[in-house]
Each structure stands twice: as structure tokens, then as C-alpha cells.
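One structure is given below, encoded as C-alpha cells.
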Amino acid sequence: MEHPPYRLAEEFDRFLGDPDDPGEVFSYARCAELDDKEEFPADICRRFEEWGLPEQYVPVEHGGRLRDYEQVLQLVRAVARRDLTCAIGHGKTYLGGVCVWVAGSAEQGARLGADIMAGVPVSLGLTERAHGSDLLAGEVRTDGTASGGTASGGTASGGAASGGADHWLVSGEKWLINNATRGSVLSLLTRTRPEAGPRGFSVLLVDKRELDEGSYRHLPKIRTHGIRGADISGIAFDGARVPRDALVGAEGAGLEIVLKALQLTRTMCAALSLGAGDHALRLGLDFAEERELYGRRLIDLPQARHLLTGAAADILLHEAVALVAARAVQSQTAELGVTSAVTKYLLPTGTDQVIADLTGLLGARAFLKGVHADGRFAKLQRDHRIVGLFDGNTLVNLNSLVNQFRSLVRGFRRGTGDTAGGATACDLGAPLPPLDATKLSLLARHGSGLMAGLAASVEEVTRRAGPHPALGPVAEAARRLLAVTTEVHTEMAEYQGALTEVPPAAFETARRYTLCWAGAACLGLWTHSADRFPGGPGGPGEAGAPDDPDDSATGALWRDGLWLHTALDRLLVRLGEPAAAGPETYEELLGALRAARSSGRLFSLLPQRGPERRPAAPDTAAGERKRTSC
């Protein structure tokens with residue numbers, strides 16, 4: 001299946017060159033060198049700009065090329081597959097601009113878009129040293145005199161003196177901010193009316209190039225365990241004069257704007273976990289293929305195969321969830337409060353587990369530098385731990401779901417929600433509507449359309465299993481998932497009123513809900529898209545081989561629901577249910593994984609090739625090293 005987001009990502013990856021070649025700017029060797037020095041990857045980011053990656057961060061209405069959020073997902077995934085520091089350090093500019101894309105004026109959008117496309121780094125100033133994720137406790141204050149009725153009259157109590165009719169005065173400190181020092185522009189959440197509670201916050205688009213000298217200072221770079229080269233620092237304002245037209249959206253709407261913007265960024269964080277998972281799986285597979293123990297290759301040992309196939313199944317499960325979630329940004333915008341929370345919880349935690357499982361495969365080499373793959377696994381493990389923390393950590397996202405239990409339970413029982421939008425998200429051949437940011441909502445008021453469509457997806461898999469007996473076990477697993485999902489919604493009903501004092505059991509129920517949502521996404525994706533793949537039920541090439549061998553290889557994952565079967569099995573086991581797939585199913589998946597690696601393809605639900613690799617230098621000692629046990 002020709003899928004444009006993957007094709008453009010393939011072109012981008014090819015432009016970046018072979019990461020195994022130390023002569024390339026964006027090579028594994030260069031990333032390791034920068035990590036050792038704790039140095040920002042400025043030269044690598046310039047390569048992104050040469051290709052035009054910043055244009056993909058800017059919506060078309062503001063002069064950029066962002067039409068499709070699935071495209072952004074795949075491009076950032078391509079960067080993260082090589083190095084998370086680069087993906088996080090450069091991708092932060094997208095995060096910094098989202099508040100303007102959600103609520104800014106056309107003039108602000110055009111100006112910021114031009115800056116971003118010119119390579120100007122942008123950051124988002126949310127967190128403070130004393131308050132972390134508690135945005136309501138933020139102490140950065142902005143005072144100003146009303147001009148034209150745009151802002152509040154008078155001077156906010158307890159703050160600095162008024163900056164006059166044409167300016168705000170900003171004072172206070174933001175801390176642990178990515179790109180706070182390097183960034184020239186900052187989307188800043190600040191109190192403009194301290195007495196107004198949640199409605200007392202606003203967002204200002206602060207251009208540091210326009211501030212008076214001495215009115216702000218950068219805080220020192222924080223030394224971090226992972227993403228060591230990233231600019232994790234802060235900024236302190238001391239009566240900084242900011243033009244009044246820097247206000248993004250309405251005064252007092254800042255918290256709502258930020259929370260809606262985070263729905264977009266949390267969904268896009270999936271790209272970081274996908275790329276990290278791709279990299280970890282490749283390192284694990286290569287090690288298992290090369291390593292010899294007890295007179296046998298590691299890949300031939302049952303436990304090693306078990307670890308690899310489990311990781312491979314999870315990688316495809318995560319990709320399916322991310323595909324549906326990224327498309328839902330545009331097709332199910334009003335339900336993004338659910339989609340983003342599920343995605344931001346599942347993919348970072350799931351990828352952390354994949355990395356942990358593969359650590360058992362690599363053993364000591366997972367922790368050593370200069371012994372295996374230049375220590376890339378250890379760096380990857382360190383770097384990915386941060387992904388689950390920013391843009392709302394695990395508990396924040398689960399709590400967001402608990403707060404929506406009432407509407408989710410009601411919607412599931414009534415079959416309401418945006419089912420048409422869910423179907424579009426799951427159909428990889430369906431055109432996506434433009435994003436309408438006005439549809440973003442803090443709550444999915446009518447439930448989840450994806451969950452409302454689960455029963456229909458189960459019915460469709462069961463129908464297809466009639467003429468295709470190989471689908472029988474998949475259909476059975478689907479019916480079991482539906483039964484568990486119904487039980488989970490019964491559990492959710494017990495905590496519908498838990499808004500502030502949330503009991504630990506409610507968080508566990510929310511975790512189970514995310515697994516059920518993932519199952520609904522996988523079933524929806526397969527039932528709506530399988531026919532588009534060679535060898536899929538009713539798909540092209542069923543009676544003969546397709547012309548493109550990459551299509552044929554990818555079609556094998558869709559034929560008889562192979563990837564879907566293992567995904568449902570992984571989900572059911574995590575829901576406390578018996579396994580739904582046997583060793584023979586995972587052996588078939590392992591065959592697909594090995595075939596993808598040997599042919600230079602990404603192990604993925606859609607065909608994509610990696611960059612051309614330089615020929616490996618002869619290594620006469622390789623055989624001896626492989627046979628050395630440790």
C-alpha cells in the first residue's frame with residue numbers, strides 16, 4: 001500500500017544518510033560524541049532545516065506545509081529512530097508554536113510561522129521550580145493597564161507596576177524548559193489576573209529579541225541523566241516589557257489554551273516512543289543474530305525468541321495506536337482529550353517495557369559503552385525515560401481519563417461518540433479533513449466514538465472469519481476483548497464522581513481502559529484497512545503476487561490478521577486474561593521481523609525502506625568475538 005506519510009518519511013531518512021556511517025552529520029557516532037560532551041546537536045538540526053523539517057511544524061494556513069498530523073508523526077519518528085536528543089531538541093519548536101496554532105490570530109500565526117521556517121527555535125514556558133505539573137499554582141505574573149478593552153483594567157494585585165497601555169510587565173521564573181536558552185520565542189503561561197483562579201491565566205508569545213536588556217536572564221542548563229545535550233534550562237523575568245499584542249487568544253483563557261494544545265503535543269509524543277522502539281528492536285535483533293552462546297546463536301534459544309517476538313508484537317501494537325491517534329487529531333478532534341491521554345500513557349510506558357525486556361536479551365551489553373553498538377542501547381534507555389514525564393506524566397494522563405469516566409461510560413452504553421470520525425481515523429485510505437481547532441474540548445462529552453464502534457469491529461472480524469478459518473482465533477480474541485471492555489466500563493461507573501480525591505483503584509481502572517481503547521484502535525484499523533494490503537482479506541494481490549515485494553512483505557502482517565492477533569494477545573494478557581495466541585503465531589511474526597531486517601525494510605505496518613547503508617568493513621576478528629561468552 002502506498003501511504004504518503006511513510007513515503008515522505010522514507011525520503012527524509014534517505015536524505016539524512018546512513019547513520020552507521022561516521023562521516024554523516026547525523027550518524028550514531030556523532031550523536032554519541034555529542035552526548036558525551038553534553039552538547040546540543042546544532043549541526044544535526046541544521047540538516048533538518050536544509051531538508052525543510054521546520055515547514056512541517058507550521059500549518060498551511062500560516063505559510064507552512066502541515067496538513068496532516070500523521071505526517072508529522074512519521075517525520076519525527078524517523079529522527080527519534082536515530083537519536084531522541086535530536087528529536088526532542090528540534091521537535092520542541094513544534095510544541096512551542098501549538099498555542100498559537102490553537103488560539104492565536106492570523107497575524108501571530110504568520111509571524112511565528114515565518115520565524116519557525118527560518119530556523120528560529122521556539123519553546124513553551126509552563127513549569128516552575130516549586131510547582132511542577134501543578135499549573136494552577138504558577139507564580140509568574142504579568143501586569144498591565146487595559147488598552148482597548150483587551151485586557152483587565154488596573155494593575156494586578158501583588159505584582160509589579162503597570163507597564164503602560166502598550167505593554168505587559170512580566171516577572172517570575174520558568175524552570176526545566178526545553179530550549180529556554182536557545183529559543184528566541186517563548187509561549188509563556190502567566191498569571192494576568194491573580195484573583196480570577198483558573199481564569200486568571202493567559203498565554204503570551206514572548207519574543208526575547210524585543211525585550212529590554214537586563215529584563216530577563218537565562219537559568220543554567222540542568223544536567224540530566226538522559227537527553228544530555230538538550231537545552232533543559234529556564235528563564236527568569238524581572239519586569240520584562242512585552243507588547244500587548246503578544247496576548248494569544250483571550251485574556252484569562254490561558255489554561256484552557258494550554259490544555260488543548262497539550263492534546264496535540266501528547267498525541268505527537270507517540271513519535272518519540274515509536275522511534276525509540278524501532279531502534280531498540282533493531283539493536284536487540286542484530287545482537288541475537290550475531291551472538292553465540294553455548295554453541296548456538298542467541299536467536300535460536302527459546303527465551304531469546306520469546307523476548308524478541310514479544311517486543312516485535314508490542315512495536316506493531318504501538319504503531320497501530322499511534323496511527324489511529326494521529327489521524328484522529330483531524331477526524332475526531334472533539335474526542336482528543338481521551339485519545340491524547342490514552343496515547344501519552346500507553347506508548348511511553350509500553351516502550352519503556354519493550355526496552356526493559358530487550359535489556360534482558362542484551363545482558364551486560366545493554367549497559368556498557370564501547371562494547372556493543374557504541375553503547376547506543378544504554379543511551380536509548382536513558383533518553384526515553386523522559387518521554388513519559390513531559391507534556392503530562394503518567395498519572396496526569398490517567399487522572400484526565402478518570403475525570404471523563406462519566407461521559408465515557410454513558411457513551412459506551414448508549415453507543416454515542418463520533419463513530420464516523422473513528423472510522424476515518426482507522427481507514428488509512430480515507431482523506432482527512434483539515435484540523436478545526438475550535439472543536440478541541442477538554443472533555444469528550446459524548447464518549448469515545450472508537451469505543452462505540454468496537455462491537456461493530458468485532459462483528460466484522462467474526463464475519464470475515466467465516467470464509468477465512470485462519471481468522472477464527474483472531475475473532476475469538478476480539479470477542480474476549482469486547483467482554484473485558486464491557487466489564488471495565490462497569491468498573492469505571494463506580495468512580496464517576498472521583499474528581500479530586502481519586503482512589504488508587506480508579507487509576508488502575510483507567511490503565512485497563514487504555515488497554516481496551518488500544519484494542520478497539522487495533523480492531524478498527526484492521527477491519528477498515530486490511531483490504532488495502534496485498535494478501536489481505538479481499539485486498540489486491542490475493543490471487544497472485546503483487547508487483548512490489550515490500551508491499552508483499554507488509555501484506556503478510558495483515559494477512560490472516562497476524563499483527564492483530566499478537567496485539568490482542570498482548571492486551572488481553574495485560575488485562576489479566578489468558579493468552580490468545582500460541583508460539584506458532586509468534587514464530588510467524590519473528591519470521592517477518594527477520595525478513596524485514598535482512599531486506600533493509602523498517603519493521604512496520606506499512607512499507608518503508610531505510611537509507612542506503614555503506615558496505616561494512618571486513619572484520620577478521622568478528623567471528624571470535626561472537627563466540628566469546630560473557
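The chains in the C-alpha cells are called A, B, ... from first to last as shown; in each chain the residues are counted from 1, and the ligands are counted from 1 in the order shown.
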What are the closest atom pairs, with distances in Å to one decimal, for each residue of segment 163-247 of chain A lying within 9 Å of segment 98-111 of chain A, using only C-alpha atoms, rows by chain and rising residue number, as a Markdown table?
| residue | atom | partner | partner_atom | distance |
| --- | --- | --- | --- | --- |
| A:Ser187 | CA | A:Cys99 | CA | 7.2 |
| A:Val203 | CA | A:Cys99 | CA | 7.9 |
| A:Leu205 | CA | A:Val100 | CA | 8.1 |
| A:Asp245 | CA | A:Gln108 | CA | 8.7 |
| A:Ala246 | CA | A:Gln108 | CA | 8.0 |
| A:Leu247 | CA | A:Gly104 | CA | 8.2 |
Kindly assemble as JSON lines a list of the segment 421-534 of chain A residues that lie within 10 Å of segment 580-598 of chain A, each paired with its nearest atom pair and their distance in Å to one decimal, using only C-alpha atoms, sorted first by chain and then by ascending residue number.
{"residue": "A:Pro473", "atom": "CA", "partner": "A:Ala580", "partner_atom": "CA", "distance": 7.4}
{"residue": "A:Val474", "atom": "CA", "partner": "A:Ala580", "partner_atom": "CA", "distance": 8.1}
{"residue": "A:Glu476", "atom": "CA", "partner": "A:Ala580", "partner_atom": "CA", "distance": 8.2}
{"residue": "A:Ala477", "atom": "CA", "partner": "A:Ala580", "partner_atom": "CA", "distance": 5.9}
{"residue": "A:Ala478", "atom": "CA", "partner": "A:Ala580", "partner_atom": "CA", "distance": 9.5}
{"residue": "A:Arg480", "atom": "CA", "partner": "A:Ala580", "partner_atom": "CA", "distance": 9.1}
Could you state the separation of atom CA of Lys369 of chain A and atom CA of Ser599 of chain A in Å, given to one decimal place?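 Computing the Euclidean distance for atom CA of Lys369 of chain A and atom CA of Ser599 of chain A yields 28.2 Å.
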Can you list, as a list in words, every protein, DNA or RNA residue that comes within 9 Å of segment 557-560 of chain A when you count only C-alpha atoms, leaving out same-chain residues fewer than 3 positions away?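 Within the cut-off, the hits are Ala465, His468, Pro469, Ala470, Leu471, Val474, Trp526, Ala530, Asp531, Phe533, Pro534, Gly535, Gly536, Pro537, Ala553, Thr554, Trp563, Leu564, His565, Leu589, Ala592, Ser604 and Leu605 of chain A.
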As a check of understanding: the span from atom CA of Leu136 of chain A to atom CA of Leu272 of chain A is 27.7 Å
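Nearest-residue note for His384 of chain A: choosing from A:Ser273, A:Gln332, A:Thr181, A:Ser171, the minimum distance belongs to A:Ser273, counting only C-alpha atoms.
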So which bits of segment 205-321 of chain A end up strand (DSSP E or B) when you DSSP the backbone, as a PyMOL selection string? chain A and resi 205-207+216-219+232-243+247-248+292-293+296-297
Please write the residues from the selection above to a file, keeping C-alpha atoms, as a PDB file, in the first residue's frame.
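Heads up, here's the output in result.pdb:
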ATOM      1  CA  LEU A 205       4.010  34.969  22.795  1.00  0.00           C
ATOM      2  CA  VAL A 206       7.236  36.472  24.127  1.00  0.00           C
ATOM      3  CA  ASP A 207       9.951  37.400  21.641  1.00  0.00           C
ATOM      4  CA  TYR A 216      15.363  38.707  31.700  1.00  0.00           C
ATOM      5  CA  ARG A 217      18.123  36.173  32.224  1.00  0.00           C
ATOM      6  CA  HIS A 218      18.641  32.526  31.369  1.00  0.00           C
ATOM      7  CA  LEU A 219      18.923  29.956  34.122  1.00  0.00           C
ATOM      8  CA  ILE A 232      16.933  21.907  29.529  1.00  0.00           C
ATOM      9  CA  SER A 233      17.250  25.195  31.389  1.00  0.00           C
ATOM     10  CA  GLY A 234      14.975  28.060  32.382  1.00  0.00           C
ATOM     11  CA  ILE A 235      14.295  31.756  32.154  1.00  0.00           C
ATOM     12  CA  ALA A 236      13.682  34.469  34.779  1.00  0.00           C
ATOM     13  CA  PHE A 237      11.861  37.722  34.010  1.00  0.00           C
ATOM     14  CA  ASP A 238      12.263  40.937  36.005  1.00  0.00           C
ATOM     15  CA  GLY A 239       9.669  43.441  34.832  1.00  0.00           C
ATOM     16  CA  ALA A 240      10.168  42.499  31.172  1.00  0.00           C
ATOM     17  CA  ARG A 241       8.111  44.760  28.878  1.00  0.00           C
ATOM     18  CA  VAL A 242       6.120  42.619  26.437  1.00  0.00           C
ATOM     19  CA  PRO A 243       3.903  44.217  23.740  1.00  0.00           C
ATOM     20  CA  LEU A 247      -1.545  38.009  24.043  1.00  0.00           C
ATOM     21  CA  VAL A 248      -2.575  34.689  22.460  1.00  0.00           C
ATOM     22  CA  GLU A 292      26.741 -17.113  20.089  1.00  0.00           C
ATOM     23  CA  LEU A 293      26.303 -18.819  23.464  1.00  0.00           C
ATOM     24  CA  ARG A 296      24.292 -21.797  19.447  1.00  0.00           C
ATOM     25  CA  ARG A 297      23.283 -18.407  18.145  1.00  0.00           C
TER      26      ARG A 297
END
Shell of 10 Å around Arg46 of chain A, only C-alpha atoms, local chain residues under 6 positions omitted, as a VMD selection string: chain A and resid 25 52 to 53 90 119
Keeping only N, CA and C atoms, take the residues you just selected and write them out as a compact mmCIF listing (two decimals), in the first residue's frame.
# COMPACT_ATOMS: atom_id res chain seq x y z
N VAL A 25 26.64 13.61 8.94
CA VAL A 25 26.39 14.56 10.03
C VAL A 25 25.52 13.93 11.10
N GLY A 52 13.97 20.95 5.22
CA GLY A 52 12.70 21.64 5.35
C GLY A 52 11.79 21.11 6.44
N LEU A 53 12.36 20.43 7.44
CA LEU A 53 11.53 19.88 8.52
C LEU A 53 10.74 20.96 9.26
N HIS A 90 14.87 19.41 18.64
CA HIS A 90 14.35 20.13 17.47
C HIS A 90 12.82 20.17 17.48
N GLY A 119 14.16 28.79 10.87
CA GLY A 119 15.04 28.07 11.79
C GLY A 119 15.13 28.64 13.18
Proximity to Tyr6 of chain A - best of A:Leu73, A:Cys522, A:Ala425, A:Leu112, only C-alpha atoms: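 Smallest distance to Tyr6 of chain A is found for A:Leu73.
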Report as a ChimeraX atom specification all protein, DNA and RNA residues lying within 6 Å of Trp175 of chain A, evaluated on only C-alpha atoms, omitting residues in the same chain fewer than 6 positions from it. /A:127-129,234
Keeping only C-alpha atoms, take the residues you just selected and write them out as a PDB file, in the first residue's frame.
ATOM      1  CA  THR A 127       6.545  24.612  34.585  1.00  0.00           C
ATOM      2  CA  GLU A 128       8.064  26.286  37.633  1.00  0.00           C
ATOM      3  CA  ARG A 129      10.593  25.003  40.128  1.00  0.00           C
ATOM      4  CA  GLY A 234      14.975  28.060  32.382  1.00  0.00           C
TER       5      GLY A 234
END
Could you pull out all residues of segment 446-498 of chain A with a DSSP call of alpha helix (DSSP H) and give them as an MDAnalysis selection string? chainID A and resid 449:452 454:465 472:493
Near Arg81 of chain A, counting only C-alpha atoms, which residues have an atom at most 9 Å away, once you skip same-chain residues fewer than 2 positions from it, shown as a PDB file with all heavy atoms, in the first residue's frame?
ATOM      1  N   VAL A  76       8.983  12.877  12.687  1.00  0.00           N
ATOM      2  CA  VAL A  76       9.652  12.930  13.987  1.00  0.00           C
ATOM      3  C   VAL A  76      10.075  11.523  14.413  1.00  0.00           C
ATOM      4  O   VAL A  76      11.138  11.327  15.016  1.00  0.00           O
ATOM      5  CB  VAL A  76       8.746  13.589  15.046  1.00  0.00           C
ATOM      6  CG1 VAL A  76       9.418  13.571  16.423  1.00  0.00           C
ATOM      7  CG2 VAL A  76       8.432  15.026  14.647  1.00  0.00           C
ATOM      8  N   ARG A  77       9.280  10.533  14.068  1.00  0.00           N
ATOM      9  CA  ARG A  77       9.662   9.144  14.344  1.00  0.00           C
ATOM     10  C   ARG A  77      10.981   8.801  13.652  1.00  0.00           C
ATOM     11  O   ARG A  77      11.838   8.113  14.229  1.00  0.00           O
ATOM     12  CB  ARG A  77       8.553   8.205  13.857  1.00  0.00           C
ATOM     13  CG  ARG A  77       8.856   6.713  14.015  1.00  0.00           C
ATOM     14  CD  ARG A  77       7.785   5.867  13.325  1.00  0.00           C
ATOM     15  NE  ARG A  77       7.946   4.454  13.553  1.00  0.00           N
ATOM     16  CZ  ARG A  77       7.180   3.519  13.005  1.00  0.00           C
ATOM     17  NH1 ARG A  77       6.180   3.863  12.195  1.00  0.00           N
ATOM     18  NH2 ARG A  77       7.391   2.238  13.249  1.00  0.00           N
ATOM     19  N   ALA A  78      11.144   9.273  12.418  1.00  0.00           N
ATOM     20  CA  ALA A  78      12.381   8.998  11.681  1.00  0.00           C
ATOM     21  C   ALA A  78      13.590   9.587  12.402  1.00  0.00           C
ATOM     22  O   ALA A  78      14.669   8.976  12.431  1.00  0.00           O
ATOM     23  CB  ALA A  78      12.280   9.551  10.265  1.00  0.00           C
ATOM     24  N   VAL A  79      13.437  10.773  12.979  1.00  0.00           N
ATOM     25  CA  VAL A  79      14.534  11.379  13.740  1.00  0.00           C
ATOM     26  C   VAL A  79      14.761  10.606  15.035  1.00  0.00           C
ATOM     27  O   VAL A  79      15.900  10.269  15.388  1.00  0.00           O
ATOM     28  CB  VAL A  79      14.230  12.860  14.043  1.00  0.00           C
ATOM     29  CG1 VAL A  79      15.346  13.466  14.899  1.00  0.00           C
ATOM     30  CG2 VAL A  79      14.071  13.655  12.756  1.00  0.00           C
ATOM     31  N   ASP A  83      18.055   9.183  17.081  1.00  0.00           N
ATOM     32  CA  ASP A  83      18.512   9.810  18.325  1.00  0.00           C
ATOM     33  C   ASP A  83      17.390  10.644  18.937  1.00  0.00           C
ATOM     34  O   ASP A  83      16.847  11.537  18.295  1.00  0.00           O
ATOM     35  CB  ASP A  83      19.720  10.707  18.063  1.00  0.00           C
ATOM     36  CG  ASP A  83      20.310  11.247  19.351  1.00  0.00           C
ATOM     37  OD1 ASP A  83      20.904  10.456  20.106  1.00  0.00           O
ATOM     38  OD2 ASP A  83      20.159  12.448  19.610  1.00  0.00           O
ATOM     39  N   LEU A  84      17.069  10.345  20.188  1.00  0.00           N
ATOM     40  CA  LEU A  84      15.986  11.053  20.864  1.00  0.00           C
ATOM     41  C   LEU A  84      16.361  12.476  21.248  1.00  0.00           C
ATOM     42  O   LEU A  84      15.502  13.359  21.275  1.00  0.00           O
ATOM     43  CB  LEU A  84      15.551  10.276  22.107  1.00  0.00           C
ATOM     44  CG  LEU A  84      14.575   9.122  21.855  1.00  0.00           C
ATOM     45  CD1 LEU A  84      14.438   8.267  23.092  1.00  0.00           C
ATOM     46  CD2 LEU A  84      13.215   9.648  21.428  1.00  0.00           C
ATOM     47  N   ALA A  87      15.541  14.552  18.296  1.00  0.00           N
ATOM     48  CA  ALA A  87      14.096  14.639  18.076  1.00  0.00           C
ATOM     49  C   ALA A  87      13.437  15.570  19.084  1.00  0.00           C
ATOM     50  O   ALA A  87      12.576  16.385  18.731  1.00  0.00           O
ATOM     51  CB  ALA A  87      13.475  13.247  18.153  1.00  0.00           C
ATOM     52  N   LEU A 272       8.094   9.901  19.390  1.00  0.00           N
ATOM     53  CA  LEU A 272       9.334   9.685  20.125  1.00  0.00           C
ATOM     54  C   LEU A 272       9.439   8.239  20.590  1.00  0.00           C
ATOM     55  O   LEU A 272      10.498   7.605  20.474  1.00  0.00           O
ATOM     56  CB  LEU A 272       9.409  10.636  21.318  1.00  0.00           C
ATOM     57  CG  LEU A 272       9.283  12.127  20.997  1.00  0.00           C
ATOM     58  CD1 LEU A 272       9.219  12.946  22.283  1.00  0.00           C
ATOM     59  CD2 LEU A 272      10.432  12.598  20.116  1.00  0.00           C
ATOM     60  N   SER A 273       8.346   7.714  21.123  1.00  0.00           N
ATOM     61  CA  SER A 273       8.347   6.324  21.593  1.00  0.00           C
ATOM     62  C   SER A 273       8.425   5.341  20.429  1.00  0.00           C
ATOM     63  O   SER A 273       9.095   4.302  20.529  1.00  0.00           O
ATOM     64  CB  SER A 273       7.105   6.057  22.445  1.00  0.00           C
ATOM     65  OG  SER A 273       7.153   6.787  23.654  1.00  0.00           O
ATOM     66  N   LEU A 274       7.739   5.644  19.333  1.00  0.00           N
ATOM     67  CA  LEU A 274       7.826   4.760  18.170  1.00  0.00           C
ATOM     68  C   LEU A 274       9.264   4.662  17.672  1.00  0.00           C
ATOM     69  O   LEU A 274       9.774   3.567  17.394  1.00  0.00           O
ATOM     70  CB  LEU A 274       6.930   5.268  17.039  1.00  0.00           C
ATOM     71  CG  LEU A 274       5.422   5.126  17.206  1.00  0.00           C
ATOM     72  CD1 LEU A 274       4.705   5.695  15.986  1.00  0.00           C
ATOM     73  CD2 LEU A 274       5.023   3.681  17.419  1.00  0.00           C
ATOM     74  N   GLY A 275       9.926   5.810  17.535  1.00  0.00           N
ATOM     75  CA  GLY A 275      11.298   5.798  17.053  1.00  0.00           C
ATOM     76  C   GLY A 275      12.229   5.061  18.002  1.00  0.00           C
ATOM     77  O   GLY A 275      13.098   4.286  17.569  1.00  0.00           O
ATOM     78  N   ALA A 276      12.055   5.291  19.297  1.00  0.00           N
ATOM     79  CA  ALA A 276      12.883   4.594  20.282  1.00  0.00           C
ATOM     80  C   ALA A 276      12.648   3.089  20.229  1.00  0.00           C
ATOM     81  O   ALA A 276      13.588   2.286  20.331  1.00  0.00           O
ATOM     82  CB  ALA A 276      12.585   5.131  21.682  1.00  0.00           C
ATOM     83  N   GLY A 277      11.394   2.689  20.061  1.00  0.00           N
ATOM     84  CA  GLY A 277      11.079   1.266  19.959  1.00  0.00           C
ATOM     85  C   GLY A 277      11.686   0.640  18.720  1.00  0.00           C
ATOM     86  O   GLY A 277      12.218  -0.484  18.765  1.00  0.00           O
ATOM     87  N   ASP A 278      11.614   1.340  17.583  1.00  0.00           N
ATOM     88  CA  ASP A 278      12.246   0.847  16.350  1.00  0.00           C
ATOM     89  C   ASP A 278      13.732   0.581  16.575  1.00  0.00           C
ATOM     90  O   ASP A 278      14.269  -0.456  16.180  1.00  0.00           O
ATOM     91  CB  ASP A 278      12.100   1.883  15.230  1.00  0.00           C
ATOM     92  CG  ASP A 278      10.675   2.076  14.760  1.00  0.00           C
ATOM     93  OD1 ASP A 278       9.847   1.167  14.970  1.00  0.00           O
ATOM     94  OD2 ASP A 278      10.389   3.142  14.175  1.00  0.00           O
ATOM     95  N   HIS A 279      14.399   1.554  17.197  1.00  0.00           N
ATOM     96  CA  HIS A 279      15.844   1.475  17.412  1.00  0.00           C
ATOM     97  C   HIS A 279      16.186   0.327  18.367  1.00  0.00           C
ATOM     98  O   HIS A 279      17.107  -0.466  18.112  1.00  0.00           O
ATOM     99  CB  HIS A 279      16.338   2.812  17.970  1.00  0.00           C
ATOM    100  CG  HIS A 279      17.817   2.982  17.904  1.00  0.00           C
ATOM    101  ND1 HIS A 279      18.437   4.173  18.233  1.00  0.00           N
ATOM    102  CD2 HIS A 279      18.830   2.138  17.583  1.00  0.00           C
ATOM    103  CE1 HIS A 279      19.740   4.052  18.096  1.00  0.00           C
ATOM    104  NE2 HIS A 279      20.003   2.824  17.709  1.00  0.00           N
ATOM    105  N   ALA A 280      15.457   0.224  19.454  1.00  0.00           N
ATOM    106  CA  ALA A 280      15.725  -0.816  20.441  1.00  0.00           C
ATOM    107  C   ALA A 280      15.526  -2.206  19.847  1.00  0.00           C
ATOM    108  O   ALA A 280      16.334  -3.127  20.077  1.00  0.00           O
ATOM    109  CB  ALA A 280      14.822  -0.625  21.660  1.00  0.00           C
TER     110      ALA A 280
END
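When only C-alpha atoms are used to measure the gap to Pro5 of chain A, the shortest distance among A:Lys221, A:His131, A:Arg327, A:Arg464 belongs to A:Arg327.
Between atom CA of Arg228 of chain A and atom CA of Thr85 of chain A lies a distance of 7.4 Å.
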Applying 10 Å and only C-alpha atoms, which residues near Val72 of chain A remain after dropping the ones on its own chain fewer than 5 positions away? List them as a ChimeraX atom specification. /A:5,9,53,56-57,66-67,77-78,91,94,268,271,326
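Distance annotation: of A:Gly350, A:Gly363, A:Asn393, A:His489, the residue with the minimal separation from Phe405 of chain A is A:His489; atom set is only C-alpha atoms.
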For Thr527 of chain A, which residue out of A:Tyr513, A:Tyr495, A:Gly447, A:Thr424 is the nearest one, using only C-alpha atoms?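 The shortest atom-to-atom distance to Thr527 of chain A comes from A:Thr424.
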Between A:Glu508, A:Glu10, A:Asp143, A:Glu24, which is the closest to Pro607 of chain A once you count only C-alpha atoms?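 Looking only at the distances to Pro607 of chain A, the closest residue turns out to be A:Glu10.
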